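Shown next: target.cif, containing mmCIF, C-alpha atoms.
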```cif
data_upload
#
loop_
_atom_site.label_atom_id
_atom_site.label_comp_id
_atom_site.auth_asym_id
_atom_site.auth_seq_id
_atom_site.Cartn_x
_atom_site.Cartn_y
_atom_site.Cartn_z
CA MET A 1 19.58 119.56 28.45
CA SER A 2 18.61 117.17 31.19
CA ASP A 3 15.06 118.44 31.14
CA PHE A 4 14.77 117.76 27.37
CA ALA A 5 16.13 114.24 27.80
CA SER A 6 13.68 113.50 30.58
CA ARG A 7 10.79 114.78 28.54
CA HIS A 8 12.00 112.82 25.51
CA THR A 9 12.08 109.54 27.43
CA SER A 10 8.68 110.13 29.02
CA VAL A 11 6.89 110.42 25.65
CA PRO A 12 5.11 107.16 24.62
CA LYS A 13 6.90 105.04 22.05
CA SER A 14 4.02 105.28 19.59
CA ARG A 15 4.29 109.07 19.67
CA LEU A 16 8.05 108.83 19.15
CA ALA A 17 7.51 106.71 16.12
CA ILE A 18 4.95 109.23 14.77
CA ALA A 19 7.33 112.06 15.44
CA GLY A 20 10.08 110.31 13.54
CA VAL A 21 12.20 109.55 16.58
CA ASP A 22 13.53 105.99 17.15
CA ARG A 23 12.19 104.76 13.73
CA PRO A 24 14.23 101.82 12.30
CA GLY A 25 16.12 102.67 9.19
CA PRO A 26 16.15 100.68 5.92
CA ASP A 27 19.24 98.69 6.99
CA GLY A 28 17.45 97.44 10.11
CA GLU A 29 14.42 96.34 8.15
CA ARG A 30 16.64 94.46 5.70
CA VAL A 31 18.43 92.67 8.55
CA ASP A 32 15.12 91.64 10.09
CA GLN A 33 13.98 90.22 6.75
CA TYR A 34 17.18 88.21 6.39
CA GLU A 35 16.84 86.90 9.93
CA ASP A 36 13.24 85.79 9.25
CA ARG A 37 14.25 84.09 6.02
CA TYR A 38 17.18 82.35 7.76
CA LYS A 39 14.90 81.12 10.52
CA ASN A 40 12.41 79.79 7.96
CA PHE A 41 15.19 78.09 6.00
CA VAL A 42 16.63 76.46 9.13
CA SER A 43 13.18 75.25 10.12
CA VAL A 44 12.58 73.73 6.66
CA VAL A 45 16.00 72.04 6.67
CA ARG A 46 15.42 70.66 10.18
CA ASN A 47 11.99 69.28 9.25
CA THR A 48 13.35 67.79 6.02
CA GLY A 49 16.19 66.08 7.87
CA THR A 50 13.72 64.64 10.37
CA LEU A 51 11.57 63.25 7.56
CA ILE A 52 14.60 61.74 5.78
CA ARG A 53 15.82 60.18 9.03
CA PHE A 54 12.43 58.60 9.71
CA ALA A 55 12.26 57.40 6.09
CA PHE A 56 15.64 55.66 6.51
CA TYR A 57 14.44 54.08 9.74
CA ALA A 58 11.29 52.80 8.03
CA ALA A 59 13.30 51.44 5.07
CA GLY A 60 15.71 49.71 7.44
CA LEU A 61 12.89 48.09 9.40
CA LEU A 62 11.25 46.94 6.16
CA ALA A 63 14.53 45.48 4.85
CA PHE A 64 15.19 43.73 8.15
CA GLY A 65 11.67 42.29 8.10
CA LEU A 66 12.10 40.98 4.56
CA ILE A 67 15.47 39.42 5.40
CA SER A 68 14.05 37.79 8.52
CA LEU A 69 11.11 36.43 6.53
CA SER A 70 13.42 35.03 3.86
CA ILE A 71 15.67 33.36 6.44
CA SER A 72 12.69 31.85 8.25
CA ARG A 73 11.33 30.46 4.98
CA VAL A 74 14.71 29.00 4.07
CA PHE A 75 15.05 27.32 7.45
CA ASN A 76 11.49 26.04 7.23
CA ALA A 77 12.19 24.59 3.78
CA VAL A 78 15.42 22.97 4.97
CA SER A 79 13.71 21.49 7.99
CA PHE A 80 10.82 20.32 5.80
CA TYR A 81 13.15 18.48 3.43
CA SER A 82 15.55 17.26 6.10
CA VAL A 83 15.81 13.60 7.00
CA ASN A 84 15.47 12.58 10.64
CA ALA A 85 16.48 9.25 12.13
CA VAL A 86 13.67 7.37 13.84
CA ASP A 87 14.35 5.17 16.86
CA GLU A 88 12.50 2.18 15.42
CA VAL A 89 13.35 -1.09 13.72
CA PRO A 90 12.37 -1.79 10.10
CA SER A 91 9.00 -3.45 9.61
CA PHE A 92 10.41 -6.02 7.18
CA ARG A 93 13.17 -8.59 6.90
CA LEU A 94 14.55 -11.01 4.32
CA VAL A 95 14.19 -14.70 5.05
CA ASP A 96 17.33 -16.35 3.67
CA GLY A 97 19.71 -18.82 5.27
CA GLU A 98 22.86 -17.30 3.78
CA LEU A 99 21.94 -13.75 4.77
CA ALA A 100 21.05 -14.87 8.29
CA ARG A 101 24.70 -15.73 8.93
CA LEU A 102 25.85 -12.19 8.08
CA SER A 103 26.02 -9.24 10.41
CA MET A 104 22.96 -7.02 10.14
CA GLN A 105 22.43 -3.27 10.62
CA ALA A 106 19.11 -1.46 10.43
CA LYS A 107 18.09 2.17 10.18
CA VAL A 108 14.80 4.04 9.77
CA THR A 109 14.61 7.63 8.54
CA ASN A 110 11.70 9.96 7.93
CA GLY A 111 11.47 13.32 6.18
CA GLY A 112 8.89 15.78 4.84
CA MET A 113 8.69 15.28 1.07
CA ILE A 114 11.01 12.25 1.14
CA GLY A 115 8.83 9.94 3.14
CA ARG A 116 9.75 7.01 5.34
CA ILE A 117 12.77 4.89 4.40
CA GLU A 118 13.54 1.61 6.18
CA THR A 119 16.97 0.15 5.48
CA ARG A 120 18.64 -3.17 6.29
CA HIS A 121 22.31 -3.92 5.67
CA TYR A 122 23.33 -7.58 5.53
CA GLY A 123 27.10 -7.73 5.75
CA GLN A 124 29.47 -4.90 4.84
CA PRO A 125 30.70 -3.81 1.39
CA HIS A 126 34.35 -4.09 2.48
CA ASP A 127 33.86 -7.71 3.57
CA ARG A 128 35.03 -10.48 1.25
CA ASN A 129 31.71 -12.24 1.70
CA THR A 130 28.27 -11.59 0.33
CA ASN A 131 26.60 -8.33 1.30
CA LEU A 132 23.17 -6.91 0.52
CA THR A 133 21.58 -3.53 1.19
CA ILE A 134 17.84 -3.08 0.76
CA THR A 135 15.65 -0.05 1.38
CA LEU A 136 11.87 0.03 1.60
CA THR A 137 10.66 3.52 0.70
CA MET A 138 7.17 4.81 1.39
CA PRO A 139 6.55 8.29 -0.10
CA PRO A 140 4.17 10.51 1.89
CA LYS A 141 1.68 10.63 -0.98
CA ALA A 142 1.30 8.18 -3.79
CA GLY A 143 1.07 9.40 -7.34
CA THR A 144 3.18 12.56 -6.99
CA GLY A 145 6.15 12.72 -9.30
CA THR A 146 7.87 15.37 -7.17
CA THR A 147 7.89 13.07 -4.17
CA ASN A 148 9.48 10.26 -6.15
CA THR A 149 12.12 12.63 -7.50
CA PHE A 150 13.14 13.79 -4.02
CA ALA A 151 13.25 10.19 -2.80
CA GLU A 152 15.37 9.04 -5.73
CA VAL A 153 17.83 11.90 -5.22
CA ARG A 154 18.10 11.13 -1.52
CA ASN A 155 18.59 7.41 -2.12
CA ALA A 156 21.21 8.03 -4.78
CA LEU A 157 23.17 10.34 -2.47
CA ALA A 158 22.91 7.92 0.43
CA MET A 159 24.05 5.00 -1.70
CA SER A 160 26.98 7.00 -3.10
CA ALA A 161 28.05 7.99 0.40
CA TYR A 162 27.82 4.43 1.68
CA THR A 163 29.65 2.77 -1.21
CA ASN A 164 31.47 4.20 -4.19
CA MET A 165 29.55 2.62 -7.02
CA THR A 166 30.75 2.69 -10.62
CA SER A 167 28.78 1.33 -13.52
CA GLY A 168 29.54 1.76 -17.18
CA TYR A 169 27.11 2.87 -19.81
CA GLY A 170 25.36 -0.04 -21.45
CA SER A 171 26.02 -2.46 -18.58
CA PRO A 172 23.92 -5.65 -18.72
CA ARG A 173 20.48 -5.45 -17.16
CA HIS A 174 18.05 -8.08 -16.00
CA ASP A 175 14.31 -8.24 -15.48
CA LEU A 176 13.52 -10.00 -12.22
CA GLU A 177 10.14 -11.33 -11.15
CA ALA A 178 9.06 -12.07 -7.60
CA MET A 179 5.68 -12.53 -5.99
CA PHE A 180 5.67 -8.80 -5.14
CA GLY A 181 6.12 -7.70 -8.75
CA PRO A 182 8.80 -6.90 -11.34
CA VAL A 183 12.26 -5.64 -10.40
CA ARG A 184 14.93 -4.20 -12.70
CA ALA A 185 18.56 -5.08 -11.89
CA ALA A 186 21.77 -3.77 -13.45
CA GLU A 187 25.30 -5.15 -13.22
CA THR A 188 27.81 -2.79 -11.65
CA ARG A 189 30.86 -2.70 -9.41
CA ILE A 190 31.55 -1.10 -6.06
CA THR A 191 34.88 0.11 -4.74
CA ALA A 192 35.09 -0.07 -0.97
CA ASP A 193 38.20 -0.20 1.20
CA GLY A 194 40.36 -0.95 -1.82
CA LEU A 195 38.20 -3.89 -2.95
CA ILE A 196 36.38 -4.06 -6.27
CA LYS A 197 33.34 -6.28 -6.04
CA PRO A 198 30.89 -7.06 -8.86
CA CYS A 199 27.36 -6.28 -7.76
CA LEU A 200 23.77 -5.94 -8.88
CA THR A 201 21.79 -2.78 -8.16
CA PHE A 202 18.04 -3.18 -8.22
CA GLN A 203 14.86 -1.12 -8.12
CA SER A 204 11.32 -2.39 -7.99
CA ARG A 205 8.67 -1.64 -10.59
CA PHE A 206 5.61 -2.47 -8.59
CA ALA A 207 2.07 -1.71 -9.71
CA THR A 208 1.79 0.87 -6.92
CA GLU A 209 3.72 4.00 -6.01
CA ALA A 210 2.98 3.61 -2.31
CA VAL A 211 6.07 1.45 -1.73
CA ARG A 212 9.36 0.87 -3.50
CA LEU A 213 12.32 -1.50 -3.00
CA GLU A 214 15.87 -0.50 -3.89
CA GLY A 215 19.34 -1.65 -3.02
CA SER A 216 22.45 -3.55 -4.08
CA TYR A 217 23.56 -7.16 -3.89
CA CYS A 218 27.21 -8.28 -4.04
CA GLU A 219 28.66 -11.79 -4.01
CA ALA A 220 32.04 -12.79 -2.64
CA THR A 221 35.07 -11.01 -4.08
CA GLY A 222 35.57 -11.92 -7.72
CA ALA A 223 32.31 -13.86 -8.02
CA LYS A 224 29.62 -12.54 -10.32
CA PRO A 225 26.25 -12.17 -8.55
CA SER A 226 23.35 -14.22 -9.86
CA PRO A 227 20.22 -12.26 -10.89
CA TYR A 228 18.09 -15.34 -10.29
CA ARG A 229 19.52 -15.66 -6.78
CA LEU A 230 18.68 -12.00 -6.13
CA ALA A 231 15.10 -12.51 -7.34
CA CYS A 232 14.64 -15.42 -4.93
CA ILE A 233 16.10 -13.38 -2.05
CA LEU A 234 13.64 -10.54 -2.69
CA ASP A 235 10.84 -13.10 -2.92
CA GLY A 236 11.56 -13.99 0.72
CA LEU A 237 10.63 -10.54 2.08
CA MET A 238 8.49 -10.78 5.21
CA LEU A 239 6.65 -8.15 7.25
CA ASP A 240 7.09 -8.23 11.02
CA ALA A 241 4.81 -5.26 11.73
CA ARG A 242 2.35 -3.01 9.98
CA LEU A 243 3.88 -0.47 7.67
CA ALA A 244 3.46 3.25 8.26
CA SER A 245 1.52 3.51 5.00
CA ALA A 246 -1.79 1.64 4.96
CA GLU A 247 -1.71 1.43 1.15
CA ALA A 248 1.82 0.00 1.13
CA ASP A 249 0.94 -2.48 3.87
CA ALA A 250 -2.15 -3.70 2.02
CA PHE A 251 -0.21 -4.09 -1.24
CA LEU A 252 2.66 -6.13 0.22
CA ARG A 253 0.43 -8.30 2.39
CA GLY A 254 -1.82 -9.02 -0.57
CA ARG A 255 1.19 -10.15 -2.62
CA MET A 256 2.56 -12.21 0.28
CA ALA A 257 -0.56 -14.37 0.12
CA GLN A 258 0.54 -15.63 -3.31
CA ARG A 259 2.81 -18.59 -3.90
CA PRO A 260 6.61 -17.98 -4.02
CA TYR A 261 7.79 -17.08 -7.48
CA CYS A 262 11.20 -15.89 -8.73
CA THR A 263 12.63 -15.65 -12.25
CA SER A 264 15.34 -13.72 -14.08
CA THR A 265 15.53 -12.71 -17.73
CA PRO A 266 18.38 -10.73 -19.33
CA VAL A 267 17.34 -7.54 -21.07
CA SER A 268 18.16 -7.63 -24.77
CA GLN A 269 20.07 -4.71 -26.25
CA THR A 270 17.90 -2.65 -28.58
CA MET A 271 20.46 -0.13 -29.80
CA ASP A 272 23.68 -0.33 -31.78
CA THR A 273 26.59 -0.07 -29.34
CA GLN A 274 29.31 -1.19 -31.79
CA SER A 275 32.01 1.36 -32.47
CA LYS A 276 32.18 2.31 -36.13
CA SER A 277 35.75 2.69 -37.38
CA LEU A 278 36.72 5.23 -40.01
CA SER A 279 37.06 4.05 -43.58
CA PRO A 280 40.64 3.74 -44.91
CA PRO A 281 42.06 6.58 -47.00
CA SER A 282 41.88 4.39 -50.10
CA ARG A 283 38.09 4.71 -50.02
CA TRP A 284 38.07 8.45 -49.64
CA SER A 285 36.80 10.40 -52.66
CA THR A 286 39.26 12.62 -54.50
CA PRO A 287 38.35 16.14 -55.70
CA SER A 288 37.65 16.43 -59.43
CA PRO A 289 37.69 19.60 -61.56
CA ILE A 290 34.82 18.23 -63.66
CA ARG A 291 31.50 19.67 -62.66
CA ARG A 292 28.41 17.59 -63.00
#
```

Would it be possible to restate this file's structure as structure tokens?
Amino acid sequence: MSDFASRHTSVPKSRLAIAGVDRPGPDGERVDQYEDRYKNFVSVVRNTGTLIRFAFYAAGLLAFGLISLSISRVFNAVSFYSVNAVDEVPSFRLVDGELARLSMQAKVTNGGMIGRIETRHYGQPHDRNTNLTITLTMPPKAGTGTTNTFAEVRNALAMSAYTNMTSGYGSPRHDLEAMFGPVRAAETRITADGLIKPCLTFQSRFATEAVRLEGSYCEATGAKPSPYRLACILDGLMLDARLASAEADAFLRGRMAQRPYCTSTPVSQTMDTQSKSLSPPSRWSTPSPIRR
């Protein structure tokens, strides 16, 4: 028996397979097929998971890049439209004896689409004396409606923050004339520190868009401000230095060479502001069964 076993083991494997010895049965072949299929399936799943993971990484990087780009654009837009204080004094002043006795504050701001705004405050709104605030605005580019819109919004917000102005619809308006050009003024009131003061708000209507004057003028408490007085005050505007805008500087200096001139004319009302009362019931028509 031992001799047969030794001879059986010494025969080459290929001969054993030909002789029918040590040949895998059908169950073994089926198991090998299942193992190969399982290995292929695992490999496909592993490769698919790797591709999905890298796709998620790429999508995340793309989303992060888009968010960063959006944030940078927002911050650039905010910084472009922001207003920065400039450590300079205004290039203009008002020559008037009454205003010279009041305390004076000055501020210069500059911003992207807003332009350069030079402001002088004569007196304070909560004082019981006269006070006047005037701003000289120079948009960055003349003739652009968008620039004027941004400047008007900024000035309106600044004026509302400085004093709580209230003006009713249909308030009287006045056309002022000075050597620099026409100015429109409107009667209003401001409420500051518990005081209600009648005032005049004004805005220039110069023949150029390179420069604009705006502000408010209030007399002593209870006294109605004079439009003619305001026109003469604006007529006394003087330039102490060259303006940042060459076009604005040339316009104002050209007008300063003219003789002093100030007038005021009330604006006539061109629309019906009377309240129409309802007719009495006696004039109401009664229903009639007769058809016409």

Is there a way to get, as a PDB file with C-alpha atoms, keeping the file's coordinate frame, all residues within 12 Å of the point (4.4, -4.3, 10.8) in file coordinates, counting only C-alpha atoms?
```pdb
ATOM      1  CA  GLU A  88      12.500   2.180  15.420  1.00  0.00           C
ATOM      2  CA  VAL A  89      13.350  -1.090  13.720  1.00  0.00           C
ATOM      3  CA  PRO A  90      12.370  -1.790  10.100  1.00  0.00           C
ATOM      4  CA  SER A  91       9.000  -3.450   9.610  1.00  0.00           C
ATOM      5  CA  PHE A  92      10.410  -6.020   7.180  1.00  0.00           C
ATOM      6  CA  ARG A  93      13.170  -8.590   6.900  1.00  0.00           C
ATOM      7  CA  GLU A 118      13.540   1.610   6.180  1.00  0.00           C
ATOM      8  CA  MET A 238       8.490 -10.780   5.210  1.00  0.00           C
ATOM      9  CA  LEU A 239       6.650  -8.150   7.250  1.00  0.00           C
ATOM     10  CA  ASP A 240       7.090  -8.230  11.020  1.00  0.00           C
ATOM     11  CA  ALA A 241       4.810  -5.260  11.730  1.00  0.00           C
ATOM     12  CA  ARG A 242       2.350  -3.010   9.980  1.00  0.00           C
ATOM     13  CA  LEU A 243       3.880  -0.470   7.670  1.00  0.00           C
ATOM     14  CA  ALA A 244       3.460   3.250   8.260  1.00  0.00           C
ATOM     15  CA  SER A 245       1.520   3.510   5.000  1.00  0.00           C
ATOM     16  CA  ALA A 246      -1.790   1.640   4.960  1.00  0.00           C
ATOM     17  CA  ALA A 248       1.820   0.000   1.130  1.00  0.00           C
ATOM     18  CA  ASP A 249       0.940  -2.480   3.870  1.00  0.00           C
ATOM     19  CA  ALA A 250      -2.150  -3.700   2.020  1.00  0.00           C
ATOM     20  CA  LEU A 252       2.660  -6.130   0.220  1.00  0.00           C
ATOM     21  CA  ARG A 253       0.430  -8.300   2.390  1.00  0.00           C
TER      22      ARG A 253
END
```

Within 9 Å of (13.6, 0.2, -6.6), in the coordinates the file gives, what residues turn up when you count only C-alpha atoms, written out as a PyMOL selection string?
-> chain A and resi 135-137+183-185+201-206+212-215

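Distances to Ile134 of chain A were evaluated for A:Ala220, A:Leu69, A:Leu200, A:Arg101 using all atoms listed in the file, and the minimum falls at A:Leu200.
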
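Nearest to His174 of chain A of all the residues A:Gly222, A:Pro266, A:Gly194, A:Gly123 is A:Pro266, counting only C-alpha atoms.
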
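Note that atom CA of Val211 of chain A and atom CA of Ile114 of chain A are 12.2 Å apart.
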
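What the PyMOL selection byres ((chain A and resi 181) around 10) grabs from this file is Leu176, Glu177, Ala178, Met179, Phe180, Pro182, Val183, Ser204, Arg205, Phe206, Ala207, Thr208, Asp235, Leu252, Arg255, Tyr261 and Cys262 of chain A.
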
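What separates atom CA of Gly236 of chain A from atom CA of Lys224 of chain A is a distance of 21.2 Å.
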
For atom CA of Arg116 of chain A and atom CA of Ile71 of chain A, quote the distance in Å rounded to one decimal.
-> 27.0 Å

Run the PyMOL selection byres ((chain A and resi 86) around 6) mentally over the shown coordinates, then write out the matched residues as a PyMOL selection string, using the chain letters and numbers from the document.
-> chain A and resi 85+87-88+108-109

A:Asn84, A:Asn40, A:Thr221, A:Thr188: which is nearest Thr130 of chain A, counting only C-alpha atoms?
-> A:Thr221

Result set, the PyMOL selection byres ((chain A and resi 132) around 10) on current file, as a list in words | Leu99, Leu102, Met104, Arg120, His121, Tyr122, Gly123, Gln124, Pro125, Thr130, Asn131, Thr133, Ile134, Cys199, Leu200, Thr201, Gly215, Ser216, Tyr217, Cys218, Glu219, Leu230 and Ile233 of chain A

Generate N, CA and C atoms for segment 208-230 of chain A and emit them as an mmCIF file, keeping the file's coordinate frame.
```
data_model
loop_
_atom_site.group_PDB
_atom_site.id
_atom_site.type_symbol
_atom_site.label_atom_id
_atom_site.label_comp_id
_atom_site.auth_asym_id
_atom_site.auth_seq_id
_atom_site.Cartn_x
_atom_site.Cartn_y
_atom_site.Cartn_z
ATOM 1 N N THR A 208 2.196 -0.225 -7.790
ATOM 2 C CA THR A 208 1.790 0.870 -6.920
ATOM 3 C C THR A 208 2.980 1.778 -6.658
ATOM 4 N N GLU A 209 2.687 3.041 -6.383
ATOM 5 C CA GLU A 209 3.720 4.000 -6.010
ATOM 6 C C GLU A 209 3.772 4.220 -4.497
ATOM 7 N N ALA A 210 3.009 3.457 -3.759
ATOM 8 C CA ALA A 210 2.980 3.610 -2.310
ATOM 9 C C ALA A 210 4.208 3.005 -1.642
ATOM 10 N N VAL A 211 4.911 2.113 -2.321
ATOM 11 C CA VAL A 211 6.070 1.450 -1.730
ATOM 12 C C VAL A 211 7.045 1.122 -2.857
ATOM 13 N N ARG A 212 8.324 1.147 -2.519
ATOM 14 C CA ARG A 212 9.360 0.870 -3.500
ATOM 15 C C ARG A 212 10.541 0.191 -2.816
ATOM 16 N N LEU A 213 11.140 -0.794 -3.489
ATOM 17 C CA LEU A 213 12.320 -1.500 -3.000
ATOM 18 C C LEU A 213 13.522 -1.113 -3.851
ATOM 19 N N GLU A 214 14.628 -0.853 -3.196
ATOM 20 C CA GLU A 214 15.870 -0.500 -3.890
ATOM 21 C C GLU A 214 17.035 -1.049 -3.084
ATOM 22 N N GLY A 215 18.173 -1.204 -3.742
ATOM 23 C CA GLY A 215 19.340 -1.650 -3.020
ATOM 24 C C GLY A 215 20.414 -2.212 -3.928
ATOM 25 N N SER A 216 21.349 -2.936 -3.344
ATOM 26 C CA SER A 216 22.450 -3.550 -4.080
ATOM 27 C C SER A 216 22.761 -4.907 -3.462
ATOM 28 N N TYR A 217 23.252 -5.791 -4.309
ATOM 29 C CA TYR A 217 23.560 -7.160 -3.890
ATOM 30 C C TYR A 217 24.909 -7.538 -4.485
ATOM 31 N N CYS A 218 25.858 -7.940 -3.624
ATOM 32 C CA CYS A 218 27.210 -8.280 -4.040
ATOM 33 C C CYS A 218 27.563 -9.677 -3.533
ATOM 34 N N GLU A 219 28.168 -10.469 -4.398
ATOM 35 C CA GLU A 219 28.660 -11.790 -4.010
ATOM 36 C C GLU A 219 30.061 -11.662 -3.447
ATOM 37 N N ALA A 220 30.671 -12.801 -3.151
ATOM 38 C CA ALA A 220 32.040 -12.790 -2.640
ATOM 39 C C ALA A 220 32.975 -12.156 -3.668
ATOM 40 N N THR A 221 34.144 -11.720 -3.214
ATOM 41 C CA THR A 221 35.070 -11.010 -4.080
ATOM 42 C C THR A 221 35.426 -11.853 -5.294
ATOM 43 N N GLY A 222 35.238 -11.240 -6.476
ATOM 44 C CA GLY A 222 35.570 -11.920 -7.720
ATOM 45 C C GLY A 222 34.445 -12.727 -8.305
ATOM 46 N N ALA A 223 33.426 -13.047 -7.532
ATOM 47 C CA ALA A 223 32.310 -13.860 -8.020
ATOM 48 C C ALA A 223 31.221 -12.942 -8.575
ATOM 49 N N LYS A 224 30.678 -13.326 -9.705
ATOM 50 C CA LYS A 224 29.620 -12.540 -10.320
ATOM 51 C C LYS A 224 28.284 -12.881 -9.675
ATOM 52 N N PRO A 225 27.521 -11.875 -9.214
ATOM 53 C CA PRO A 225 26.250 -12.170 -8.550
ATOM 54 C C PRO A 225 25.227 -12.721 -9.543
ATOM 55 N N SER A 226 24.363 -13.575 -9.032
ATOM 56 C CA SER A 226 23.350 -14.220 -9.860
ATOM 57 C C SER A 226 22.047 -13.424 -9.782
ATOM 58 N N PRO A 227 21.516 -12.952 -10.923
ATOM 59 C CA PRO A 227 20.220 -12.260 -10.890
ATOM 60 C C PRO A 227 19.092 -13.162 -10.392
ATOM 61 N N TYR A 228 19.136 -14.429 -10.758
ATOM 62 C CA TYR A 228 18.090 -15.340 -10.290
ATOM 63 C C TYR A 228 18.155 -15.487 -8.771
ATOM 64 N N ARG A 229 19.353 -15.572 -8.231
ATOM 65 C CA ARG A 229 19.520 -15.660 -6.780
ATOM 66 C C ARG A 229 18.959 -14.401 -6.106
ATOM 67 N N LEU A 230 19.202 -13.238 -6.684
ATOM 68 C CA LEU A 230 18.680 -12.000 -6.130
ATOM 69 C C LEU A 230 17.153 -11.986 -6.163
#
```
